[in-house]
>>> print(open('protein.txt').read())   # compact mmCIF, C-alpha atoms and all ligand atoms
# COMPACT_ATOMS: atom_id res chain seq x y z
CA MET A 1 -69.60 -140.55 7.07
CA GLU A 2 -68.39 -137.09 7.93
CA ILE A 3 -66.23 -135.33 10.50
CA LEU A 4 -66.83 -131.86 11.89
CA ASN A 5 -64.49 -130.18 14.33
CA VAL A 6 -65.32 -128.14 17.40
CA GLU A 7 -62.48 -125.61 17.50
CA LEU A 8 -61.50 -124.97 21.10
CA GLY A 9 -57.71 -124.87 20.98
CA GLU A 10 -56.25 -127.78 22.91
CA ARG A 11 -59.77 -128.90 23.84
CA SER A 12 -60.84 -129.24 20.18
CA TYR A 13 -62.63 -132.44 19.24
CA PRO A 14 -64.19 -134.23 16.28
CA ILE A 15 -67.89 -134.95 15.77
CA HIS A 16 -68.31 -138.09 13.65
CA ILE A 17 -71.68 -138.25 11.87
CA GLY A 18 -73.12 -141.01 9.75
CA PRO A 19 -74.95 -144.33 9.54
CA GLY A 20 -73.18 -147.05 11.51
CA GLU A 21 -70.66 -144.67 13.09
CA ALA A 22 -70.85 -146.36 16.51
CA ALA A 23 -69.71 -149.59 14.85
CA ARG A 24 -66.60 -147.96 13.42
CA ALA A 25 -63.66 -148.53 15.73
CA GLU A 26 -61.66 -145.67 14.15
CA CYS A 27 -64.00 -143.15 15.76
CA PHE A 28 -62.93 -144.38 19.19
CA THR A 29 -59.31 -145.47 18.76
CA PRO A 30 -57.63 -142.06 19.22
CA VAL A 31 -59.26 -141.50 22.61
CA LEU A 32 -59.71 -145.01 23.96
CA GLU A 33 -56.94 -147.27 22.65
CA GLY A 34 -55.07 -148.92 25.52
CA ARG A 35 -57.37 -147.29 28.10
CA ARG A 36 -59.74 -148.69 30.65
CA VAL A 37 -63.26 -147.62 29.75
CA ALA A 38 -66.54 -147.32 31.64
CA VAL A 39 -69.67 -147.24 29.50
CA VAL A 40 -72.55 -145.33 31.09
CA THR A 41 -75.91 -146.08 29.47
CA ASN A 42 -79.49 -146.75 30.55
CA SER A 43 -81.91 -149.67 30.64
CA THR A 44 -83.55 -148.66 27.35
CA VAL A 45 -80.54 -147.84 25.19
CA GLY A 46 -78.09 -150.40 26.61
CA PRO A 47 -80.06 -153.43 25.38
CA LEU A 48 -80.57 -151.81 21.94
CA TYR A 49 -77.07 -150.54 21.16
CA GLY A 50 -74.75 -151.89 23.85
CA GLU A 51 -73.51 -154.90 21.89
CA ARG A 52 -72.67 -152.84 18.81
CA LEU A 53 -70.68 -150.42 20.95
CA ARG A 54 -68.99 -153.21 22.90
CA ALA A 55 -67.74 -154.75 19.66
CA SER A 56 -66.34 -151.50 18.33
CA LEU A 57 -64.65 -150.65 21.63
CA ALA A 58 -62.97 -154.05 21.53
CA ALA A 59 -61.88 -153.37 17.94
CA ALA A 60 -60.61 -149.95 19.04
CA GLY A 61 -58.23 -151.72 21.41
CA VAL A 62 -59.54 -150.68 24.80
CA ARG A 63 -57.82 -152.32 27.76
CA ASP A 64 -59.93 -155.00 29.49
CA GLU A 65 -63.66 -155.56 29.19
CA PRO A 66 -65.46 -152.19 29.66
CA LEU A 67 -67.00 -151.51 33.04
CA TRP A 68 -70.71 -151.44 32.21
CA ILE A 69 -72.87 -149.01 34.18
CA GLU A 70 -76.56 -149.22 33.27
CA LEU A 71 -78.75 -146.58 34.88
CA PRO A 72 -82.51 -146.72 35.16
CA ASP A 73 -84.21 -144.66 32.43
CA GLY A 74 -85.59 -141.20 33.12
CA GLU A 75 -84.86 -137.58 33.97
CA SER A 76 -85.71 -138.31 37.63
CA HIS A 77 -82.41 -140.21 37.86
CA LYS A 78 -80.41 -137.20 36.69
CA SER A 79 -79.29 -136.53 40.24
CA LEU A 80 -76.22 -136.26 42.41
CA ALA A 81 -77.16 -139.63 43.93
CA THR A 82 -76.75 -141.27 40.50
CA VAL A 83 -73.42 -139.52 39.97
CA GLU A 84 -72.22 -140.79 43.34
CA GLN A 85 -73.15 -144.34 42.35
CA ILE A 86 -71.12 -144.00 39.17
CA LEU A 87 -68.13 -142.62 41.07
CA THR A 88 -68.37 -145.54 43.50
CA ARG A 89 -68.30 -148.03 40.64
CA LEU A 90 -65.25 -146.31 39.15
CA LEU A 91 -63.42 -146.31 42.49
CA GLU A 92 -64.29 -149.93 43.20
CA ALA A 93 -62.87 -150.84 39.80
CA ARG A 94 -59.75 -148.75 40.60
CA PHE A 95 -60.12 -146.48 37.61
CA ASP A 96 -57.35 -143.90 37.45
CA ARG A 97 -56.92 -140.52 35.78
CA GLY A 98 -56.02 -142.17 32.48
CA SER A 99 -59.32 -144.06 32.36
CA ARG A 100 -62.17 -142.98 30.11
CA ILE A 101 -65.95 -142.77 30.18
CA VAL A 102 -68.23 -143.36 27.19
CA ALA A 103 -71.80 -142.04 27.42
CA LEU A 104 -74.27 -144.09 25.35
CA GLY A 105 -77.78 -142.64 25.38
CA GLY A 106 -79.86 -139.48 25.21
CA GLY A 107 -79.19 -136.16 26.86
CA VAL A 108 -79.92 -137.46 30.33
CA VAL A 109 -77.20 -140.12 30.15
CA GLY A 110 -74.81 -137.71 28.43
CA ASP A 111 -75.25 -134.99 31.05
CA ILE A 112 -74.82 -137.40 33.98
CA ALA A 113 -71.87 -139.32 32.51
CA GLY A 114 -70.20 -136.10 31.39
CA PHE A 115 -70.49 -134.64 34.86
CA ALA A 116 -69.10 -137.81 36.45
CA ALA A 117 -66.17 -137.51 34.01
CA ALA A 118 -65.75 -133.84 34.92
CA ILE A 119 -65.30 -134.54 38.63
CA TYR A 120 -63.82 -138.05 38.87
CA GLN A 121 -60.30 -137.48 40.17
CA ARG A 122 -60.66 -133.84 39.06
CA GLY A 123 -61.58 -134.80 35.53
CA ILE A 124 -61.09 -137.64 33.07
CA HIS A 125 -61.67 -137.72 29.32
CA PHE A 126 -64.99 -138.87 27.93
CA VAL A 127 -66.72 -139.63 24.64
CA GLN A 128 -70.33 -138.92 23.79
CA VAL A 129 -72.35 -141.45 21.79
CA PRO A 130 -75.72 -139.65 21.65
CA THR A 131 -78.74 -141.71 20.60
CA THR A 132 -81.62 -139.20 20.54
CA LEU A 133 -81.95 -136.47 17.93
CA LEU A 134 -81.90 -133.86 20.69
CA ALA A 135 -78.68 -135.23 22.12
CA GLN A 136 -77.12 -135.51 18.66
CA VAL A 137 -77.78 -131.90 17.68
CA ASP A 138 -77.60 -130.23 21.06
CA SER A 139 -76.63 -131.75 24.39
CA SER A 140 -73.67 -133.89 23.29
CA VAL A 141 -71.85 -130.92 21.73
CA GLY A 142 -70.62 -127.97 23.74
CA GLY A 143 -69.44 -129.36 27.05
CA LYS A 144 -72.29 -128.50 29.40
CA THR A 145 -72.65 -131.36 31.85
CA GLY A 146 -74.61 -131.68 35.04
CA VAL A 147 -77.55 -132.94 37.04
CA ASN A 148 -80.74 -131.64 38.59
CA HIS A 149 -81.27 -130.58 42.20
CA PRO A 150 -84.68 -130.85 43.88
CA LEU A 151 -84.70 -127.03 43.84
CA GLY A 152 -83.88 -126.62 40.17
CA LYS A 153 -83.13 -128.29 36.85
CA ASN A 154 -79.47 -128.45 35.75
CA MET A 155 -78.46 -126.48 38.85
CA ILE A 156 -75.32 -128.55 39.50
CA GLY A 157 -72.75 -129.01 36.81
CA SER A 158 -69.59 -128.15 35.03
CA PHE A 159 -68.20 -127.27 31.63
CA HIS A 160 -66.32 -130.35 30.49
CA GLN A 161 -65.81 -130.91 26.78
CA PRO A 162 -65.90 -134.46 25.39
CA ARG A 163 -62.82 -135.72 23.46
CA ALA A 164 -65.05 -136.97 20.65
CA VAL A 165 -68.72 -137.19 19.72
CA VAL A 166 -69.83 -140.24 17.73
CA ILE A 167 -73.26 -139.79 16.14
CA ASP A 168 -74.69 -142.95 14.65
CA THR A 169 -77.73 -141.85 12.66
CA ASP A 170 -78.93 -145.48 12.56
CA SER A 171 -79.83 -145.24 16.24
CA LEU A 172 -82.68 -142.85 15.44
CA GLN A 173 -84.66 -145.64 13.80
CA SER A 174 -85.81 -146.86 17.21
CA LEU A 175 -86.55 -143.43 18.65
CA PRO A 176 -90.19 -142.80 19.68
CA THR A 177 -91.89 -140.32 17.31
CA ARG A 178 -92.56 -137.85 20.09
CA GLU A 179 -88.85 -137.72 20.93
CA LEU A 180 -88.02 -137.25 17.23
CA ARG A 181 -90.38 -134.28 16.96
CA ALA A 182 -88.95 -132.76 20.13
CA GLY A 183 -85.46 -133.06 18.66
CA LEU A 184 -86.65 -131.43 15.43
CA ALA A 185 -87.55 -128.33 17.43
CA GLU A 186 -83.86 -127.83 18.25
CA VAL A 187 -82.94 -128.51 14.61
CA ILE A 188 -85.39 -125.84 13.43
CA LYS A 189 -83.93 -123.55 16.08
CA TYR A 190 -80.54 -123.48 14.32
CA GLY A 191 -82.16 -122.46 11.05
CA LEU A 192 -84.18 -119.72 12.70
CA MET A 193 -81.34 -118.36 14.79
CA GLN A 194 -78.49 -118.22 12.31
CA ASP A 195 -78.84 -120.16 9.10
CA ALA A 196 -81.54 -119.00 6.69
CA ASP A 197 -80.40 -121.44 3.99
CA PHE A 198 -80.78 -124.33 6.42
CA PHE A 199 -84.24 -123.05 7.34
CA ALA A 200 -85.21 -123.15 3.67
CA TRP A 201 -83.70 -126.63 3.34
CA LEU A 202 -85.83 -127.75 6.28
CA GLU A 203 -88.96 -126.37 4.63
CA GLU A 204 -88.18 -128.49 1.60
CA HIS A 205 -87.06 -131.67 3.35
CA LEU A 206 -88.90 -131.89 6.68
CA ASP A 207 -91.02 -134.80 5.50
CA ARG A 208 -87.89 -136.84 4.76
CA LEU A 209 -86.72 -136.21 8.32
CA LEU A 210 -90.06 -137.29 9.74
CA ALA A 211 -89.76 -140.44 7.62
CA LEU A 212 -86.27 -141.04 9.12
CA GLU A 213 -84.49 -141.01 5.76
CA PRO A 214 -80.83 -141.57 6.62
CA GLU A 215 -79.33 -139.06 4.18
CA ALA A 216 -81.69 -136.30 5.21
CA LEU A 217 -81.06 -137.02 8.88
CA ALA A 218 -77.31 -136.93 8.41
CA HIS A 219 -77.55 -133.61 6.59
CA ALA A 220 -79.78 -132.00 9.23
CA ILE A 221 -77.56 -133.25 12.05
CA ARG A 222 -74.42 -132.04 10.31
CA ARG A 223 -75.81 -128.53 9.75
CA SER A 224 -77.13 -128.37 13.31
CA CYS A 225 -73.84 -129.51 14.83
CA ALA A 226 -71.96 -127.05 12.61
CA CYS A 227 -74.12 -124.22 13.95
CA LYS A 228 -73.68 -125.32 17.55
CA ALA A 229 -69.95 -125.93 17.13
CA GLU A 230 -69.49 -122.45 15.69
CA VAL A 231 -71.38 -120.78 18.52
CA VAL A 232 -69.56 -122.80 21.18
CA ALA A 233 -66.17 -122.07 19.60
CA ALA A 234 -66.96 -118.35 19.71
CA ASP A 235 -68.30 -118.38 23.27
CA GLU A 236 -67.51 -121.57 25.18
CA ARG A 237 -68.86 -120.44 28.54
CA GLU A 238 -71.94 -118.50 27.49
CA SER A 239 -70.91 -114.95 28.14
CA GLY A 240 -72.45 -113.66 24.91
CA ARG A 241 -73.36 -115.29 21.66
CA ARG A 242 -74.10 -118.72 23.12
CA ALA A 243 -77.18 -117.17 24.75
CA LEU A 244 -78.77 -117.07 21.28
CA LEU A 245 -79.11 -120.84 21.53
CA ASN A 246 -81.88 -120.04 24.00
CA LEU A 247 -84.23 -118.96 21.20
CA GLY A 248 -87.69 -120.14 22.29
CA HIS A 249 -86.33 -121.33 25.62
CA THR A 250 -87.58 -118.57 27.95
CA PHE A 251 -91.15 -119.15 26.81
CA GLY A 252 -90.47 -122.88 26.63
CA HIS A 253 -89.15 -123.18 30.17
CA ALA A 254 -92.22 -121.37 31.44
CA ILE A 255 -94.41 -123.95 29.68
CA GLU A 256 -92.33 -126.89 30.95
CA THR A 257 -92.45 -125.68 34.53
CA GLY A 258 -96.02 -124.43 34.41
CA MET A 259 -97.37 -127.71 33.06
CA GLY A 260 -95.28 -129.76 35.50
CA TYR A 261 -91.94 -131.21 34.44
CA GLY A 262 -92.37 -134.17 32.14
CA ALA A 263 -95.84 -133.28 30.87
CA TRP A 264 -94.26 -131.44 27.94
CA LEU A 265 -90.95 -132.63 26.53
CA HIS A 266 -88.31 -129.91 26.47
CA GLY A 267 -88.25 -129.79 22.67
CA GLU A 268 -92.03 -129.61 22.48
CA ALA A 269 -91.98 -126.57 24.74
CA VAL A 270 -89.12 -125.02 22.76
CA GLY A 271 -91.08 -125.47 19.52
CA THR A 272 -94.01 -123.55 20.99
CA GLY A 273 -91.64 -120.99 22.50
CA MET A 274 -90.04 -120.33 19.11
CA ALA A 275 -93.45 -119.78 17.51
CA MET A 276 -94.21 -117.30 20.29
CA ALA A 277 -90.87 -115.55 19.78
CA ALA A 278 -91.59 -115.29 16.04
CA ARG A 279 -95.04 -113.77 16.61
CA MET A 280 -93.68 -111.35 19.18
CA SER A 281 -90.87 -110.33 16.82
CA ALA A 282 -93.42 -109.66 14.08
CA ARG A 283 -95.52 -107.57 16.48
CA MET A 284 -92.46 -105.45 17.24
CA GLY A 285 -91.82 -104.92 13.56
CA TRP A 286 -88.58 -106.92 13.72
CA LEU A 287 -89.72 -109.80 11.57
CA ALA A 288 -91.86 -109.66 8.43
CA PRO A 289 -95.28 -111.21 9.13
CA ALA A 290 -94.76 -113.58 6.20
CA ASP A 291 -91.52 -114.85 7.77
CA ALA A 292 -93.18 -115.33 11.15
CA ALA A 293 -95.82 -117.36 9.34
CA ARG A 294 -93.11 -119.50 7.70
CA ALA A 295 -91.55 -120.18 11.11
CA GLU A 296 -94.91 -121.16 12.58
CA ALA A 297 -95.75 -123.35 9.61
CA LEU A 298 -92.50 -125.32 9.85
CA ILE A 299 -92.89 -125.83 13.60
CA HIS A 300 -96.45 -127.00 13.03
CA ARG A 301 -95.41 -129.42 10.30
CA ALA A 302 -92.89 -130.95 12.71
CA GLY A 303 -95.89 -131.95 14.83
CA LEU A 304 -95.34 -129.29 17.48
CA ASP A 305 -97.88 -126.90 18.98
CA THR A 306 -97.50 -123.26 18.01
CA TYR A 307 -99.65 -121.81 20.82
CA PRO A 308 -99.17 -122.35 24.56
CA PRO A 309 -101.75 -124.32 26.54
CA ALA A 310 -104.85 -122.43 27.71
CA GLU A 311 -104.03 -123.34 31.33
CA LEU A 312 -101.24 -120.79 31.31
CA ASP A 313 -102.69 -117.29 31.33
CA ALA A 314 -100.49 -114.26 30.81
CA ALA A 315 -100.15 -113.50 34.52
CA ARG A 316 -98.99 -117.04 35.29
CA PHE A 317 -96.66 -116.94 32.29
CA ARG A 318 -95.04 -113.76 33.53
CA GLU A 319 -94.60 -115.27 36.96
CA LEU A 320 -92.94 -118.35 35.44
CA MET A 321 -90.69 -116.16 33.30
CA GLY A 322 -89.56 -114.31 36.39
CA ILE A 323 -91.10 -110.99 35.45
CA ASP A 324 -93.24 -109.68 38.22
CA LYS A 325 -94.35 -106.04 37.96
CA LYS A 326 -91.25 -104.63 39.63
CA VAL A 327 -88.68 -106.09 37.27
CA SER A 328 -90.88 -106.01 34.22
CA GLU A 329 -88.81 -103.70 32.01
CA GLY A 330 -85.10 -104.22 31.84
CA ARG A 331 -84.24 -107.38 33.68
CA LEU A 332 -85.67 -110.06 31.45
CA ARG A 333 -83.75 -110.72 28.27
CA LEU A 334 -85.40 -112.48 25.37
CA VAL A 335 -84.02 -113.94 22.17
CA LEU A 336 -86.08 -112.54 19.30
CA LEU A 337 -85.80 -112.59 15.51
CA ARG A 338 -84.64 -109.76 13.26
CA GLY A 339 -85.23 -112.06 10.32
CA LEU A 340 -85.14 -115.76 9.48
CA GLY A 341 -81.62 -116.81 10.48
CA ALA A 342 -81.00 -113.67 12.54
CA ALA A 343 -81.64 -114.07 16.26
CA GLU A 344 -80.85 -111.26 18.67
CA LEU A 345 -80.78 -111.08 22.45
CA THR A 346 -82.55 -108.05 23.84
CA ALA A 347 -83.72 -106.61 27.12
CA ASP A 348 -85.30 -103.76 25.22
CA PHE A 349 -88.55 -105.27 24.04
CA ASP A 350 -92.05 -103.95 23.74
CA ASP A 351 -94.08 -105.08 26.72
CA ASN A 352 -97.34 -104.75 24.77
CA ALA A 353 -96.05 -107.15 22.16
CA LEU A 354 -95.15 -109.55 24.96
CA GLN A 355 -98.57 -109.17 26.55
CA HIS A 356 -100.36 -109.89 23.26
CA THR A 357 -98.17 -112.90 22.66
CA LEU A 358 -98.90 -114.31 26.11
CA ASP A 359 -102.62 -113.63 25.73
CA GLU A 360 -102.94 -115.90 22.71
CA THR A 361 -103.26 -119.50 23.84
CA ALA A 362 -104.42 -122.71 22.21
CA ARG A 363 -108.11 -123.42 22.54
P1 LIG A 401 -83.52 -138.62 27.28
O1 LIG A 401 -82.09 -138.81 27.45
O2 LIG A 401 -84.39 -138.79 28.47
O3 LIG A 401 -84.04 -139.61 26.13
C1 LIG A 401 -85.41 -139.65 25.83
C2 LIG A 401 -85.95 -141.09 25.89
O4 LIG A 401 -85.52 -141.81 24.73
C3 LIG A 401 -85.44 -141.89 27.07
O5 LIG A 401 -86.46 -142.72 27.53
C4 LIG A 401 -84.30 -142.70 26.47
O6 LIG A 401 -84.01 -143.87 27.19
C5 LIG A 401 -84.86 -143.02 25.12
N1 LIG A 401 -83.89 -143.28 24.07
C6 LIG A 401 -82.69 -142.70 23.90
N2 LIG A 401 -82.15 -143.09 22.74
C7 LIG A 401 -83.03 -143.95 22.17
C8 LIG A 401 -83.03 -144.67 20.96
N3 LIG A 401 -82.05 -144.54 20.06
N4 LIG A 401 -84.09 -145.47 20.70
C9 LIG A 401 -85.13 -145.56 21.58
N5 LIG A 401 -85.19 -144.87 22.72
C10 LIG A 401 -84.14 -144.08 23.01
O7 LIG A 401 -83.89 -137.18 26.67
P2 LIG A 401 -83.11 -136.24 25.65
O8 LIG A 401 -84.17 -135.44 25.03
O9 LIG A 401 -82.17 -136.98 24.80
O10 LIG A 401 -82.24 -135.30 26.60
C11 LIG A 401 -82.85 -134.46 27.55
C12 LIG A 401 -81.82 -134.06 28.58
O11 LIG A 401 -80.77 -133.37 27.94
C13 LIG A 401 -82.35 -133.15 29.66
O12 LIG A 401 -81.92 -133.60 30.91
C14 LIG A 401 -81.73 -131.80 29.33
O13 LIG A 401 -81.50 -131.01 30.48
C15 LIG A 401 -80.45 -132.22 28.70
N6 LIG A 401 -79.85 -131.24 27.80
C16 LIG A 401 -78.56 -130.90 27.98
C17 LIG A 401 -77.96 -129.99 27.13
C18 LIG A 401 -76.51 -129.68 27.30
O14 LIG A 401 -76.02 -128.76 26.64
N7 LIG A 401 -75.80 -130.41 28.13
C19 LIG A 401 -78.68 -129.40 26.10
C20 LIG A 401 -80.01 -129.77 25.93
C21 LIG A 401 -80.58 -130.69 26.78
MG MG A 402 -82.86 -126.83 24.47
>>> encode(input="protein.txt", output="structure tokens")
Amino acid sequence: MEILNVELGERSYPIHIGPGEAARAECFTPVLEGRRVAVVTNSTVGPLYGERLRASLAAAGVRDEPLWIELPDGESHKSLATVEQILTRLLEARFDRGSRIVALGGGVVGDIAGFAAAIYQRGIHFVQVPTTLLAQVDSSVGGKTGVNHPLGKNMIGSFHQPRAVVIDTDSLQSLPTRELRAGLAEVIKYGLMQDADFFAWLEEHLDRLLALEPEALAHAIRRSCACKAEVVAADERESGRRALLNLGHTFGHAIETGMGYGAWLHGEAVGTGMAMAARMSARMGWLAPADAARAEALIHRAGLDTYPPAELDAARFRELMGIDKKVSEGRLRLVLLRGLGAAELTADFDDNALQHTLDETAR
């Protein structure tokens, strides 16, 4: 068991990491004791981990039986309509400003529940209990909450920091392999962007992560959360450094959108996007070819594709990345690598290097 802190002045909060954390009442007591609590979860995670959480909330001394809100599973439910249903349940139960929300699930549940907490009676405190690797290393930390709009993903939302994050590494044992690999892409991202030692650790221990070894998982999650917490503390609202967390994401978003949302998991697309960013960086002379090869090899070993699908030709890619001819130089900013562990945001990139990178697809 381990505690990291996200340092944000009066909005600082602990991240508890370890096996069985969600069963430890002490993780919840400071935020929830004596409070009325609504648990937001979904139809997959609730049946798996709801009872464990219910017991530790009771032991943490919450007031009354928690209000249990179980959403249907899936990104398609990450909508304002779902948020409104949650708000209705809270109002019907006469929750007040001192009440709390606990989000139990992956990033979808965390984003929805966090946004409901951000706007219910102008904001109530909430706790994240993330159950996917992606949510544990990324979405549960940092305070971005929100939902999708038919015209765009994550287009409605708010910054609202949780009061605690409780990461129970045991919950990953039931995670589908594909979701695990997608989460590993974001883990690898932290090594590539700012932590060369962690990158080297991942090269050595990736197989233990794929085998779901608890100690290795806890270590990887701790290092990832430490990276994210540091970036968020330095730039809570993404005016500068936080943009580096988008390594691989500009290429990745193009793949996600171009292949139709849901065909590729976000992390799968980010893995491919990071391999593309590494190759492009090498072409520009920013990254040693041997280091680009190490990045690609690690992404590949995590079970992720390193080349984009052949369906997406360079012209389509550019369209999806929002670079038509007119805005081609200048406007688009990409996160590239100056070295392993040294990401940099730049608008000043070599368009030929981009073109070559987009031209190489999987066969
Ligand atoms: P998800 O929440 O859809 O979870 C993936 C699948 O795994 C779901 O079917 C879920 O029910 C299931 N699941 C969750 N935990 C499980 C467990 N322990 N065992 C078995 N199955 C389990 O997807 P995700 O990848 O966790 O999150 C993606 C979402 O996160 C997207 O909506 C994305 O926009 C958002 N996100 C937000 C941020 C942020 O900063 N707020 C950052 C990254 C991603
Ligand atoms: Mg991401």
>>> residues_near_ligand(input="protein.txt", ligand="ligand MG 402 (chain A)", cutoff="9 Å", atoms="all atoms listed in the file", output="PyMOL selection string")
chain A and resi 134+138-139+183+185-186+245-249+252+266-267+270
>>> residues_near_ligand(input="protein.txt", ligand="ligand LIG 401 (chain A)", cutoff="6 Å", atoms="only C-alpha atoms and all ligand atoms", output="MDAnalysis selection string")
chainID A and resid 44:45 73:75 105:109 111 131:132 134:135 138:139 144:145 171:172 174:175
>>> atom_distance(input="protein.txt", atom1="CA of Gly271 in chain A", atom2="CA of Leu48 in chain A")
28.5 Å
>>> residues_around(input="protein.txt", residues="Gly9 in chain A", least_positions_apart="6", cutoff="12 Å", atoms="only C-alpha atoms", output="list of chain:residue names")
A:Gln161, A:Ala233, A:Ala234, A:Glu236
>>> residues_around(input="protein.txt", residues="Val40 in chain A", least_positions_apart="4", cutoff="8 Å", atoms="all atoms listed in the file", output="CSV table (one decimal) with C-alpha atoms, in the frame of the given file")
chain,number,residue,atom,x,y,z
A,68,TRP,CA,-70.7,-151.4,32.2
A,69,ILE,CA,-72.9,-149.0,34.2
A,70,GLU,CA,-76.6,-149.2,33.3
A,71,LEU,CA,-78.8,-146.6,34.9
A,101,ILE,CA,-66.0,-142.8,30.2
A,102,VAL,CA,-68.2,-143.4,27.2
A,103,ALA,CA,-71.8,-142.0,27.4
A,104,LEU,CA,-74.3,-144.1,25.4
A,109,VAL,CA,-77.2,-140.1,30.2
A,113,ALA,CA,-71.9,-139.3,32.5
>>> residues_around(input="protein.txt", residues="His300 in chain A", least_positions_apart="3", cutoff="12 Å", atoms="all atoms listed in the file", output="list in words")
Arg181, Ala182, Leu184, Ala185, Ile188, Glu203, Leu206, Glu268, Gly271, Thr272, Met274, Ala275, Ala293, Arg294, Ala295, Glu296, Ala297, Gly303, Leu304, Asp305, Thr306 and Tyr307 of chain A
>>> write_last_selection(input="protein.txt", atoms="C-alpha atoms", output="PDB file, keeping the file's coordinate frame")
ATOM      1  CA  ARG A 181     -90.380-134.280  16.960  1.00  0.00           C
ATOM      2  CA  ALA A 182     -88.950-132.760  20.130  1.00  0.00           C
ATOM      3  CA  LEU A 184     -86.650-131.430  15.430  1.00  0.00           C
ATOM      4  CA  ALA A 185     -87.550-128.330  17.430  1.00  0.00           C
ATOM      5  CA  ILE A 188     -85.390-125.840  13.430  1.00  0.00           C
ATOM      6  CA  GLU A 203     -88.960-126.370   4.630  1.00  0.00           C
ATOM      7  CA  LEU A 206     -88.900-131.890   6.680  1.00  0.00           C
ATOM      8  CA  GLU A 268     -92.030-129.610  22.480  1.00  0.00           C
ATOM      9  CA  GLY A 271     -91.080-125.470  19.520  1.00  0.00           C
ATOM     10  CA  THR A 272     -94.010-123.550  20.990  1.00  0.00           C
ATOM     11  CA  MET A 274     -90.040-120.330  19.110  1.00  0.00           C
ATOM     12  CA  ALA A 275     -93.450-119.780  17.510  1.00  0.00           C
ATOM     13  CA  ALA A 293     -95.820-117.360   9.340  1.00  0.00           C
ATOM     14  CA  ARG A 294     -93.110-119.500   7.700  1.00  0.00           C
ATOM     15  CA  ALA A 295     -91.550-120.180  11.110  1.00  0.00           C
ATOM     16  CA  GLU A 296     -94.910-121.160  12.580  1.00  0.00           C
ATOM     17  CA  ALA A 297     -95.750-123.350   9.610  1.00  0.00           C
ATOM     18  CA  GLY A 303     -95.890-131.950  14.830  1.00  0.00           C
ATOM     19  CA  LEU A 304     -95.340-129.290  17.480  1.00  0.00           C
ATOM     20  CA  ASP A 305     -97.880-126.900  18.980  1.00  0.00           C
ATOM     21  CA  THR A 306     -97.500-123.260  18.010  1.00  0.00           C
ATOM     22  CA  TYR A 307     -99.650-121.810  20.820  1.00  0.00           C
TER      23      TYR A 307
END
>>> atom_distance(input="protein.txt", atom1="CA of Gly339 in chain A", atom2="CA of Val231 in chain A")
18.3 Å
>>> residues_near_point(input="protein.txt", point="(-95.6, -105.8, 16.9)", cutoff="9 Å", atoms="all atoms listed in the file", output="PyMOL selection string")
chain A and resi 279-287+350+352-354+356
>>> write_last_selection(input="protein.txt", atoms="C-alpha atoms", output="PDB file, in the coordinates of the input")
ATOM      1  CA  ARG A 279     -95.040-113.770  16.610  1.00  0.00           C
ATOM      2  CA  MET A 280     -93.680-111.350  19.180  1.00  0.00           C
ATOM      3  CA  SER A 281     -90.870-110.330  16.820  1.00  0.00           C
ATOM      4  CA  ALA A 282     -93.420-109.660  14.080  1.00  0.00           C
ATOM      5  CA  ARG A 283     -95.520-107.570  16.480  1.00  0.00           C
ATOM      6  CA  MET A 284     -92.460-105.450  17.240  1.00  0.00           C
ATOM      7  CA  GLY A 285     -91.820-104.920  13.560  1.00  0.00           C
ATOM      8  CA  TRP A 286     -88.580-106.920  13.720  1.00  0.00           C
ATOM      9  CA  LEU A 287     -89.720-109.800  11.570  1.00  0.00           C
ATOM     10  CA  ASP A 350     -92.050-103.950  23.740  1.00  0.00           C
ATOM     11  CA  ASN A 352     -97.340-104.750  24.770  1.00  0.00           C
ATOM     12  CA  ALA A 353     -96.050-107.150  22.160  1.00  0.00           C
ATOM     13  CA  LEU A 354     -95.150-109.550  24.960  1.00  0.00           C
ATOM     14  CA  HIS A 356    -100.360-109.890  23.260  1.00  0.00           C
TER      15      HIS A 356
END
>>> closest_residue(input="protein.txt", among="A:Val147, A:Leu91, A:Val6, A:Ala164", to="Val31 in chain A", atoms="all atoms listed in the file")
A:Ala164
>>> build_atoms(input="protein.txt", residues="range 251-257 of chain A", atoms="N, CA and C atoms", output="PDB file, in the frame of the given file")
ATOM      1  N   PHE A 251     -89.738-118.755  26.867  1.00  0.00           N
ATOM      2  CA  PHE A 251     -91.150-119.150  26.810  1.00  0.00           C
ATOM      3  C   PHE A 251     -91.284-120.654  27.095  1.00  0.00           C
ATOM      4  N   GLY A 252     -90.395-121.415  26.499  1.00  0.00           N
ATOM      5  CA  GLY A 252     -90.470-122.880  26.630  1.00  0.00           C
ATOM      6  C   GLY A 252     -90.312-123.341  28.075  1.00  0.00           C
ATOM      7  N   HIS A 253     -89.334-122.776  28.773  1.00  0.00           N
ATOM      8  CA  HIS A 253     -89.150-123.180  30.170  1.00  0.00           C
ATOM      9  C   HIS A 253     -90.375-122.869  31.002  1.00  0.00           C
ATOM     10  N   ALA A 254     -91.011-121.724  30.698  1.00  0.00           N
ATOM     11  CA  ALA A 254     -92.220-121.370  31.440  1.00  0.00           C
ATOM     12  C   ALA A 254     -93.301-122.442  31.211  1.00  0.00           C
ATOM     13  N   ILE A 255     -93.414-122.909  29.969  1.00  0.00           N
ATOM     14  CA  ILE A 255     -94.410-123.950  29.680  1.00  0.00           C
ATOM     15  C   ILE A 255     -94.040-125.255  30.391  1.00  0.00           C
ATOM     16  N   GLU A 256     -92.756-125.642  30.293  1.00  0.00           N
ATOM     17  CA  GLU A 256     -92.330-126.890  30.950  1.00  0.00           C
ATOM     18  C   GLU A 256     -92.638-126.858  32.444  1.00  0.00           C
ATOM     19  N   THR A 257     -92.240-125.764  33.086  1.00  0.00           N
ATOM     20  CA  THR A 257     -92.450-125.680  34.530  1.00  0.00           C
ATOM     21  C   THR A 257     -93.924-125.554  34.860  1.00  0.00           C
TER      22      THR A 257
END
